[in-house]
Every structure is written in structure tokens, then in C-alpha cells.
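J.: Can you read through this structure? Questions will come right after.
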Amino acid sequence: MTSLAPTPPRAIIDQFGRRLTYLRVSVTDACNLRCVYCMPEDMTFRPRHELMTDEEIMTIVRLMAELGITKVRLTGGEPTIRPRIVEIVRQIARIPGIRDLAMTTNAILLAQLAEPLARAGLQRVNISLDTLDPKKFRFITRRGDLSQVWAGIEAAEAAGLKPLKLNVVVTRGFNDGEVVDLAKLTLDRDWDVRFIELMPFGSEAEFAQTAVVRAAEIRERIEAALGPMHPVPGHDPRDPARPYRLMGARGTLGFINSISEPFCSACNRLRLTADGKLRLCLLRDGEFDILTPLRAGMPLDELKQAVWDAAYTKPWGHGLPEGIIPQSRLMNQIGG
Ligand code: SAM
Ligand code: SF4
């Protein structure tokens, strides 16, 4: 195939001129929870041989760093259940060019892992917390214990994993009545609470479409109860959640409105699935298989060129407004 890239490839600038510097790496599709909006209760996970080995993860992340990736976020499934996750963090933190290393986690195991992860080079965590009610937490996650999440949050703070971001997926009938209480967390804590619009994937799409709560409604509810919120200056336009602050609050509020206000023009992301596919857009099925040619022994320079070519074709935006719903994977199989 003729390469589209000027030689040799360095930074990835896609066909729309977006510089791609951020890689989200899913280290497993498996999880210790079964959140209702993410996967079915009887979800089966991939066999181990289909997942990237530790070494393969390092090879691919190193290759991506050579292509200008500077920021890596580890995700899953639940990244903390991957064996040797601390060692994986330590090795990624040492890759030249990687300046920002973060993780998205449900925090169930963070009480034990926050400190070793921080010592290994993890800089920040985003923690998923949809409710303050232990019974509702068990219901949404189909098995979780909220006290473990709180212990994980405390451990993350004690380990210096800051700024701490809390991700709240708002689901009608489950936790939409709690958005004000969750927003109140920012009044006396320097946390960034971010409300995420529910997105549709494959077999779980119907649920997401009926239970989605638009950001505008969440904001109205918060402002009606707690007063106006003001934009925080100095926002990085590549961050999908523009931060706001309630009067006198220590922390900030953000809204990730993938459905009602897509941020595709500023998207700088690529995703690496746990089975070694480069996913070009969270909400489109197009992927480039890196793991198969790597296992087949393709020389790394050739592979790098092929990755560059694939990333160049990153689509402009998602097709949800036209009714195009990603079918090939559920959220735990992509990493969010
Ligand atoms: N297990 C980790 C966690 O829950 O934080 C990391 C993986 S999880 C797939 C990443 C993020 O995606 C979480 O914040 C989760 O709440 C969110 N998420 C899962 N399914 C979603 C959906 N259908 N729409 C929007 N966000 C979703
Ligand atoms: Fe697991 Fe995260 Fe999906 Fe919940 S959202 S089931 S914690 S991967």
C-alpha cells in the first residue's frame, strides 16, 4: 500500500489537521463491577491470549511515543485488576516522551494500589462515582461496595494523585436525582466533578438512549439548587469538560456532552483496545489492528508507518446525530 505520510513519520497530524497526542490504553476488558450502562450482567471477557502482553503494551506505547504521543491514560475494563499493573505503570512512565500518565478506575482496589501506583509514576486518577448512596451503588454496579470507593479516593489523595477527577455518568431513574448532592462535593473539596452523558454502544444502546440525561438539564438542576456557576479561566480546549465553579467552591464542575455538544474538532485522542486495535474514534467502529502484524513480526519501522497512515484517517466526528451507533464493542471493550 502506498503511504500517505511524508517520510519519516513523526507527529501524527490527521487529515483534518488535528495533532494526536493522547493515547488511552485499555489494559483489560475485564472488570470487578458490572455497571448497568456499560455491560450486561452475564458479560464474558476475552481469553488472555487475545490480550496484549505487558511487553506488547510497552512496544506499542513506545512506538506511539515516537509518533508524538505525550499523554497516556490507562483504562479498561478495570485497569487495577490487570496483573502487574504497577510494573506496567513503572515502565510506561519511563518511556521517553510520555509526560502525562493517568488512569481511569472504579477505585475499588485503590486503597491498596494508590500508593504503589503513585510511586511507580502514575500522576493522576479519574474515579467513577455515580452515587453517594451505598444501596444505589450496589444496584448500578450490580455488586460494588461504595465504602471501598471512598477508601480508594482517600488513598488516592494521600498518595498525591492530583487533581482528583470524579466521573459521574448520569442515568435517568438511577442517579439523576443526585446531581445536586454530587455537585455539592466541590464546595469544600478541591475535586473536579464531571457529569458524563450516557453514550449508546451495541447491545446496551437501547438502554443508553432511553436513560440519557442531557447536560443542559443537569446544569439547570444544579444551578436551581446551588446558584449560578462560572467558567474557570485557562481551560485547555482539548479537554472535553470545560470547568465551572459554584460560588465559593474549592473544586470545579465539568460536563462531558458527547451527545449534545460533541467536541470532535478539538479531539486529540487515539485509543488502544486491550486486544491491540487502534480505535480512531470512541463512537465509530473503524479500527486498525496493531497486534496481529506485531505478532507476525512486522519490522517496527513498517508498523510505525502503518499506524501513522491509519491514524491520519481518523474520522472528523461521530455519527450519533445520523443514527449511527457503534456496534462492534461495548464500553468496557474500548475503555471510554
Ligand atoms: N472501570 C473504569 C471505570 O469505570 O472508571 C475504567 C473503564 S470505564 C469503561 C471508563 C468510563 O466510562 C467510566 O467513567 C464509566 O463510567 C464510563 N462509561 C461506561 N459506560 C458508559 C456509557 N455507556 N456512556 C458513557 N460513559 C460510560
Ligand atoms: Fe467496570 Fe468501569 Fe464498566 Fe463499571 S464502567 S462495569 S467499573 S469497566
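Convention: chains lettered A, B, ... in C-alpha cells order; per-chain residue numbering from 1; ligands numbered from 1 as shown.
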Using 7 Å as the limit and counting only C-alpha atoms and all ligand atoms, can you tabulate each residue of chain A that touches ligand 1, with its shortest atom-to-atom distance in Å and the two atoms involved, as a Markdown table?
T.:
| residue | atom | partner | partner_atom_place_in_ligand_line | distance |
| --- | --- | --- | --- | --- |
| A:Cys31 | CA | ligand 1 | 1 (N) | 6.5 |
| A:Tyr37 | CA | ligand 1 | 23 (N) | 4.9 |
| A:Cys38 | CA | ligand 1 | 20 (N) | 3.8 |
| A:Thr75 | CA | ligand 1 | 6 (C) | 4.8 |
| A:Gly76 | CA | ligand 1 | 7 (C) | 4.4 |
| A:Gly77 | CA | ligand 1 | 1 (N) | 4.8 |
| A:Glu78 | CA | ligand 1 | 1 (N) | 3.8 |
| A:Pro79 | CA | ligand 1 | 6 (C) | 6.7 |
| A:Thr104 | CA | ligand 1 | 5 (O) | 4.7 |
| A:Thr105 | CA | ligand 1 | 5 (O) | 3.6 |
| A:Asn106 | CA | ligand 1 | 5 (O) | 4.2 |
| A:Asn126 | CA | ligand 1 | 5 (O) | 6.9 |
| A:Ile127 | CA | ligand 1 | 5 (O) | 5.5 |
| A:Ser128 | CA | ligand 1 | 5 (O) | 4.5 |
| A:Asn167 | CA | ligand 1 | 14 (O) | 5.1 |
| A:Val168 | CA | ligand 1 | 16 (O) | 6.4 |
| A:Val169 | CA | ligand 1 | 16 (O) | 5.3 |
| A:Ile196 | CA | ligand 1 | 25 (C) | 6.1 |
| A:Glu197 | CA | ligand 1 | 25 (C) | 5.8 |
| A:Leu198 | CA | ligand 1 | 24 (N) | 3.7 |
| A:Met199 | CA | ligand 1 | 24 (N) | 3.8 |
| A:Pro200 | CA | ligand 1 | 23 (N) | 5.5 |
| A:Phe201 | CA | ligand 1 | 23 (N) | 6.4 |
| A:Ala208 | CA | ligand 1 | 23 (N) | 6.2 |
| A:Met331 | CA | ligand 1 | 9 (C) | 4.9 |
| A:Asn332 | CA | ligand 1 | 9 (C) | 4.3 |
| A:Ile334 | CA | ligand 1 | 9 (C) | 7.0 |
| A:Gly335 | CA | ligand 1 | 9 (C) | 4.5 |
| A:Gly336 | CA | ligand 1 | 10 (C) | 4.3 |
J.: From the DSSP assignment of the backbone, select every residue of range 53-186 of chain A that is helix (DSSP H, G or I), and format the answer as an NGL selection string.
T.: :A and (54-66 or 79-81 or 85-93 or 110-120 or 134-141 or 146-158 or 176-186)
J.: Using DSSP on the backbone coordinates, identify all residues within range 82-134 of chain A classified as strand (DSSP E); present the result as a list in words.
T.: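 Residues meeting the strand (DSSP E) criterion: Asp100, Leu101, Ala102, Met103, Thr104, Thr105, Arg124, Val125, Asn126, Ile127 and Ser128 of chain A.
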J.: Which residues are close to Ala151 in chain A, i.e. within 12 Å by only C-alpha atoms, leaving aside same-chain residues fewer than 5 positions away? Reply as an MDAnalysis selection string.
T.: chainID A and resid 106:114 127 145:146 156:158
J.: Grab the residues selected above and save them as a PDB file, in the first residue's frame with C-alpha atoms.
T.:
ATOM      1  CA  ASN A 106     -13.610   2.477  39.684  1.00  0.00           C
ATOM      2  CA  ALA A 107     -11.301   2.797  42.739  1.00  0.00           C
ATOM      3  CA  ILE A 108     -12.433  -0.500  44.306  1.00  0.00           C
ATOM      4  CA  LEU A 109      -8.780  -1.597  44.638  1.00  0.00           C
ATOM      5  CA  LEU A 110      -7.179   1.824  45.065  1.00  0.00           C
ATOM      6  CA  ALA A 111      -6.912   1.618  48.848  1.00  0.00           C
ATOM      7  CA  GLN A 112      -4.131  -0.941  48.314  1.00  0.00           C
ATOM      8  CA  LEU A 113      -2.809   0.300  44.990  1.00  0.00           C
ATOM      9  CA  ALA A 114      -2.836   4.113  45.057  1.00  0.00           C
ATOM     10  CA  ILE A 127     -12.509   7.882  39.592  1.00  0.00           C
ATOM     11  CA  ASP A 145     -19.315  -1.752  47.852  1.00  0.00           C
ATOM     12  CA  LEU A 146     -19.280   2.044  47.989  1.00  0.00           C
ATOM     13  CA  ALA A 156      -5.511   8.471  46.023  1.00  0.00           C
ATOM     14  CA  GLU A 157      -5.444  11.831  47.781  1.00  0.00           C
ATOM     15  CA  ALA A 158      -2.958  10.631  50.372  1.00  0.00           C
TER      16      ALA A 158
END
J.: Would you mind listing what lies within 12 Å of Val212 in chain A as a ChimeraX atom specification, with only C-alpha atoms counted and same-chain residues fewer than 5 positions away left out?
T.: /A:37,169-176,195-200,205-207,217-218,257-260
J.: At a cut-off of 10 Å, using only C-alpha atoms, what residues contact Arg46 in chain A? Leave out same-chain residues fewer than 6 positions from it and give the result as a list in words.
T.: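 Near neighbours after the sequence-gap exclusion: Thr28, Asp29, Ala30, Ala274, Asp275 and Gln333 of chain A.
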J.: CA of Asp301 in chain A to CA of Trp316 in chain A: how many Å, to one decimal?
T.: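 Going from CA of Asp301 in chain A over to CA of Trp316 in chain A, I get 26.9 Å.
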J.: So which one's closest to ligand 2, A:Val61, A:Val193, A:Ala118, A:Val149? Using only C-alpha atoms and all ligand atoms, please.
T.: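 Checking each of A:Val61, A:Val193, A:Ala118, A:Val149 against ligand 2, counting only C-alpha atoms and all ligand atoms, the winner is A:Val149.
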J.: With distances taken over only C-alpha atoms and all ligand atoms, which of A:His230, A:Arg143, A:Arg279, A:Arg245 is nearest to ligand 2?
T.: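 Under the stated criterion, the closest residue is A:Arg143.
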J.: Of the candidates A:Leu63, A:Val179, A:Ile12, A:Leu320, which shows the shortest atom-to-atom distance to Asp130 in chain A, using only C-alpha atoms?
T.: A:Val179
J.: So that I can see what lies close to Arg242 in chain A, please list as a ChimeraX atom specification the residues with an atom at most 10 Å from it, counting only C-alpha atoms and leaving out residues fewer than 2 positions away in the same chain.
T.: /A:194,231-240,244,252-256
J.: For the residues selected in the previous step, produce a file with C-alpha atoms as an mmCIF file, in the first residue's frame.
T.:
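Result written to selection-v6.cif:
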data_model
loop_
_atom_site.group_PDB
_atom_site.id
_atom_site.type_symbol
_atom_site.label_atom_id
_atom_site.label_comp_id
_atom_site.auth_asym_id
_atom_site.auth_seq_id
_atom_site.Cartn_x
_atom_site.Cartn_y
_atom_site.Cartn_z
ATOM 1 C CA ARG A 194 -17.562 15.787 35.770
ATOM 2 C CA PRO A 231 -16.485 29.342 33.806
ATOM 3 C CA VAL A 232 -12.989 28.843 35.200
ATOM 4 C CA PRO A 233 -10.385 30.726 33.102
ATOM 5 C CA GLY A 234 -7.431 28.969 31.477
ATOM 6 C CA HIS A 235 -9.329 25.987 30.061
ATOM 7 C CA ASP A 236 -7.398 23.646 27.741
ATOM 8 C CA PRO A 237 -9.639 23.441 24.623
ATOM 9 C CA ARG A 238 -8.632 19.774 24.112
ATOM 10 C CA ASP A 239 -10.235 18.851 27.442
ATOM 11 C CA PRO A 240 -13.854 17.930 26.680
ATOM 12 C CA TYR A 244 -17.146 25.758 36.036
ATOM 13 C CA THR A 252 -14.924 22.552 39.829
ATOM 14 C CA LEU A 253 -17.772 21.066 37.823
ATOM 15 C CA GLY A 254 -17.496 19.833 34.249
ATOM 16 C CA PHE A 255 -19.859 18.439 31.646
ATOM 17 C CA ILE A 256 -18.834 15.911 29.025
#
J.: Taking only C-alpha atoms and all ligand atoms into account, name the residue in A:Ile95, A:Val27, A:Ile69, A:Ile290 that is nearest to ligand 2.
T.: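 Comparing A:Ile95, A:Val27, A:Ile69, A:Ile290 against ligand 2, the winner is A:Val27.
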J.: Measuring atom to atom with only C-alpha atoms and all ligand atoms, identify which of A:Met39, A:Leu161, A:Ile85, A:Leu185 is nearest to ligand 2.
T.: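 Of all the options, A:Met39 lies closest to ligand 2.
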J.: Would you mind reading off the distance between CA of Leu164 in chain A and CA of Gly276 in chain A, one decimal, in Å?
T.: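 Going from CA of Leu164 in chain A over to CA of Gly276 in chain A, I get 28.5 Å.
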